[in-house]
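Visitor: Structure incoming, see below.
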Amino acid sequence: MEPWLYLPPHPWRDAIAELDPGVLRRLEEIRFRVDVPVMLYTDASWMPLCYQGVPVISGADDIRRILSILVDHSLYARMEELRQGYITLPGGHRVGVAGRAVWQDGRIVTQTEITGLNIRYAHDISGIAASLIERLRKWGVEGNSWLIAAPPRAGKTTLLRDVARWFSRDGWRVVVVDERSEIAGASAGHRGFDLGHHVDVLQGWSKPEGIITAIRTLGPDLIVVDELGGDDDLAALLQARHAGVEVIGTLHARNLAAERNPRLEQLWESQLFDAVVFLGRNPGPGSVRTIWSSKGLEIPVKKA
Amino acid sequence: MRWLGAFFVVIAAVWLGRAVARPFRRRVQLLEAWVKCVGFLVPAISWRQATLSQALQEAAITYPILRSQLESVVDLLATRATDISQAFAQSLAGESALHPRDREVLIDMAAKLGSSAPDYQKEMLRSTEMLLKELASDARVEDLKQARLLESLISLSGVALVILLL
């Protein structure tokens, strides 16, 4: 069943159920913002959510209620996620939360006065990693440490999940450091996505701690990690590579110009990765735009 | 035959006395169970951070007298169509032994349950526990006195009736 038909409470669920099945299938996001119509976003367009022909408007109380129901009335258990601005739902679906930051001792401890929610559908597409891996091997990329770089909503996590599954099915011992519970979609101790039989998931661990723990205790052949870029990530990644463990990670990067992206430049210069795969949103999320090899060569990718 | 009739009249009077006093005794039992249940929720929520449904389910197993009410709350929450205070109000509505003030305290707790950081939840649960303890303590004095009085009066009425008839 589509998550839209069970995640939001009534009456929003009823309004979504009224949608054309074609629209429902292509739906990527629902955004609730205080006192404005609820908006639906597909891969190519947007539209207001209507119930019996009338746009649905959500107030502050509605947003509070929706959030409470989405987290099973257990916000106390989601404080760290809320502090970071998101909540992960069973199945890996993510809710972005916009509110007023509450500061304590010089750091944000939580959010209050929530004014916006963005429910985002976590896609699980099987088979996309195989074509990428085949392409990398065909072009002579040595090693299996890759960085997947792309702007938001370009399919990084979907590709990363399938890459983890591909290696797991190939018999590699894979550890997924899943800080935001998006890759494995784990909830209440159960995985939301099938990742094969050779994957261990470190759920909720920070990336540096998770990587170090994985090396010390889980004996991985490959570590898979999402959204690199933190100050301590590089040191942990270096430790993994020095320990002979392959690493595949993702990074937010809008364009190919490394000099305009200090994080990418730093990761590239550290020679941690054998290849950088750039994704784009055209013709659709997950489209491979360019691949750099470890020798610094830019490999043009044939247009689909 | 007459003595047998007298015996049954006394037994019926005692049974009636107990039946009339039952809601008063039940209120005390329920409030005492709620005090323990709220105490049980403190570590489940503030330390273990179990989801509210999990914590309530565990409490339902631990405190059988609250089982039907807690399970009904969990079932209502699972529909994702109601908020916690509504769920509590609905499940407590079927419990006639509780006084309006008891319900008010529990529904007020439910309105805040799950909606803030663990430390605030702990504080809120502790203050609810204190309120419930006060209500239970009053109930132990007032309601049990009332229950004993009713039981005695009705049983004695039975005995008096037997004496008159004999």
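Naming works like this for the structure tokens: A, B, ... for the chains as they're shown, residue 1 at the start of each chain, ligands 1 onward in shown order.
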Could you list, as JSON, numbers by chain, the residues of chain B having an atom within 7 Å of chain A when counting only C-alpha atoms?
Guide: {"B": [49, 51, 52, 80, 81, 114, 115, 116, 117, 118]}
Visitor: Among region 203-262 of chain A, which residues does DSSP mark as strand (DSSP E or B) when it is run on the backbone? Keep the chain and numbering as in the structure and answer as a tab-separated table (two decimals) with N, CA and C atoms, in the first residue's frame.
Guide:
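File states35.tsv, as written:
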```tsv
chain	number	residue	atom	x	y	z
A	203	GLN	N	21.99	1.53	13.26
A	203	GLN	CA	20.92	2.53	13.12
A	203	GLN	C	21.07	3.62	14.17
A	222	LEU	N	32.75	-3.89	3.31
A	222	LEU	CA	32.29	-2.62	2.74
A	222	LEU	C	31.44	-1.87	3.76
A	223	ILE	N	31.70	-0.57	3.88
A	223	ILE	CA	30.85	0.27	4.74
A	223	ILE	C	30.08	1.22	3.83
A	224	VAL	N	28.78	1.30	4.05
A	224	VAL	CA	27.92	2.18	3.25
A	224	VAL	C	27.39	3.27	4.17
A	225	VAL	N	27.54	4.51	3.74
A	225	VAL	CA	27.17	5.62	4.62
A	225	VAL	C	26.57	6.75	3.79
A	246	GLU	N	36.39	-1.15	2.12
A	246	GLU	CA	35.87	-0.28	1.06
A	246	GLU	C	34.75	0.59	1.63
A	247	VAL	N	34.60	1.78	1.09
A	247	VAL	CA	33.58	2.69	1.59
A	247	VAL	C	32.79	3.26	0.41
A	248	ILE	N	31.49	3.22	0.51
A	248	ILE	CA	30.66	3.90	-0.49
A	248	ILE	C	29.77	4.89	0.26
A	249	GLY	N	29.85	6.16	-0.14
A	249	GLY	CA	29.09	7.18	0.57
A	249	GLY	C	28.43	8.15	-0.39
A	250	THR	N	27.61	9.02	0.16
A	250	THR	CA	26.98	10.05	-0.67
A	250	THR	C	27.32	11.42	-0.13
A	251	LEU	N	27.12	12.40	-0.98
A	251	LEU	CA	27.44	13.78	-0.61
A	251	LEU	C	26.52	14.71	-1.39
A	252	HIS	N	26.08	15.78	-0.74
A	252	HIS	CA	25.32	16.79	-1.47
A	252	HIS	C	26.30	17.62	-2.30
```
Visitor: Using only C-alpha atoms, determine which residues lie at most 12 Å from Phe32 (chain A), disregarding the query and same-chain residues fewer than 3 positions distant; provide the list as a PyMOL selection string.
Guide: chain A and resi 8+12+29+35-41+48-49+56-67+95-98+114-120
Visitor: So which residues of region 190-233 of chain A fall under helix (DSSP H, G or I) by DSSP, listed as a list of chain:residue names?
Guide: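 Everything in region 190-233 of chain A that counts as helix (DSSP H, G or I) is A:Lys207, A:Pro208, A:Glu209, A:Gly210, A:Ile211, A:Ile212, A:Thr213, A:Ala214, A:Ile215, A:Arg216, A:Thr217, A:Leu218, A:Asp233.
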Visitor: Can you tell me how far CA of Ala19 (chain B) sits from CA of Val162 (chain B), in Å to one decimal?
Guide: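 Computing the Euclidean distance for CA of Ala19 (chain B) and CA of Val162 (chain B) yields 20.1 Å.
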Visitor: Identify which of the residues B:Met1, B:Val74, B:Leu165, B:Met124 lies closest to Ala55 (chain B), counting only C-alpha atoms when measuring atom-to-atom distances.
Guide: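 Using only C-alpha atoms, the shortest distance to Ala55 (chain B) belongs to B:Val74.
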Visitor: Could you list, as a list in words, every residue within 12 Å of Ile107 (chain B), counting only C-alpha atoms and ignoring same-chain residues fewer than 6 positions away?
Guide: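 Residues near the query, excluding close chain neighbours: Val73, Asp83, Ile84, Ser85, Gln86, Ala87, Phe88, Ala89, Gln90, Ser91, Leu92, Ala93, Pro100, Arg101, Leu113 and Thr128 of chain B.
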Visitor: Store the residues picked out above in a file with N, CA and C atoms, as a short mmCIF file (atom, residue, chain, number, x, y, z; two decimals), in the first residue's frame.
Guide:
```
data_model
loop_
_atom_site.label_atom_id
_atom_site.label_comp_id
_atom_site.auth_asym_id
_atom_site.auth_seq_id
_atom_site.Cartn_x
_atom_site.Cartn_y
_atom_site.Cartn_z
N VAL B 73 -7.04 2.11 24.67
CA VAL B 73 -6.28 3.30 24.26
C VAL B 73 -5.32 2.93 23.12
N ASP B 83 -6.47 11.56 18.91
CA ASP B 83 -5.31 11.93 19.72
C ASP B 83 -5.42 11.25 21.09
N ILE B 84 -4.37 11.40 21.89
CA ILE B 84 -4.30 10.58 23.12
C ILE B 84 -5.39 10.95 24.11
N SER B 85 -5.65 12.26 24.26
CA SER B 85 -6.65 12.62 25.28
C SER B 85 -8.03 12.09 24.88
N GLN B 86 -8.33 12.13 23.57
CA GLN B 86 -9.61 11.56 23.11
C GLN B 86 -9.65 10.06 23.39
N ALA B 87 -8.53 9.39 23.11
CA ALA B 87 -8.47 7.94 23.33
C ALA B 87 -8.66 7.60 24.80
N PHE B 88 -8.02 8.37 25.68
CA PHE B 88 -8.18 8.13 27.12
C PHE B 88 -9.62 8.42 27.54
N ALA B 89 -10.17 9.54 27.05
CA ALA B 89 -11.54 9.91 27.43
C ALA B 89 -12.50 8.79 27.03
N GLN B 90 -12.32 8.27 25.82
CA GLN B 90 -13.22 7.20 25.35
C GLN B 90 -13.08 5.94 26.18
N SER B 91 -11.84 5.57 26.49
CA SER B 91 -11.66 4.30 27.21
C SER B 91 -12.06 4.44 28.67
N LEU B 92 -11.91 5.62 29.25
CA LEU B 92 -12.30 5.80 30.66
C LEU B 92 -13.81 5.98 30.82
N ALA B 93 -14.47 6.34 29.72
CA ALA B 93 -15.93 6.57 29.79
C ALA B 93 -16.67 5.32 30.24
N PRO B 100 -15.49 12.07 38.37
CA PRO B 100 -15.10 13.02 37.32
C PRO B 100 -13.71 13.61 37.53
N ARG B 101 -13.34 13.86 38.80
CA ARG B 101 -12.03 14.45 39.09
C ARG B 101 -10.90 13.45 38.71
N LEU B 113 0.87 13.70 27.34
CA LEU B 113 1.67 12.48 27.19
C LEU B 113 2.28 12.39 25.79
N THR B 128 1.59 13.99 38.01
CA THR B 128 0.32 13.25 37.90
C THR B 128 0.27 12.14 38.95
#
```
Visitor: Please indicate the distance in Å from CA of Ile65 (chain B) to CA of Glu129 (chain B), rounded to one decimal place.
Guide: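 Calculated distance between CA of Ile65 (chain B) and CA of Glu129 (chain B) is 17.4 Å.
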Visitor: Tell me which of B:Ala12, B:Ala111, B:Ala59, B:Ala160 sits closest to Thr82 (chain B), counting only C-alpha atoms.
Guide: B:Ala111
Visitor: Can you pull out every residue within 12 Å of Ala44 (chain A), counting only C-alpha atoms, but drop anything in the same chain fewer than 6 positions away, and send it as number ranges by chain?
Guide: A: 23, 26-29, 281-285
Visitor: Tell me, as a ChimeraX atom specification, which residues lie within 9 Å of region 133-135 of chain B, counting only C-alpha atoms; anything in the same chain fewer than 6 positions away does not count.
Guide: /B:28,31-32,34-35,101-102
Visitor: Report, in Å to a single decimal, how far apart CA of Ala17 (chain A) and CA of Arg33 (chain A) are.
Guide: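 Computing it gives 20.1 Å between the two atoms.
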Visitor: With only C-alpha atoms as the atoms that count, which of B:Ala13, B:Asp108, B:Met130, B:Pro64 lies nearest to Ser157 (chain B)?
Guide: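 Residue with the minimum atom-to-atom distance to Ser157 (chain B): B:Ala13.
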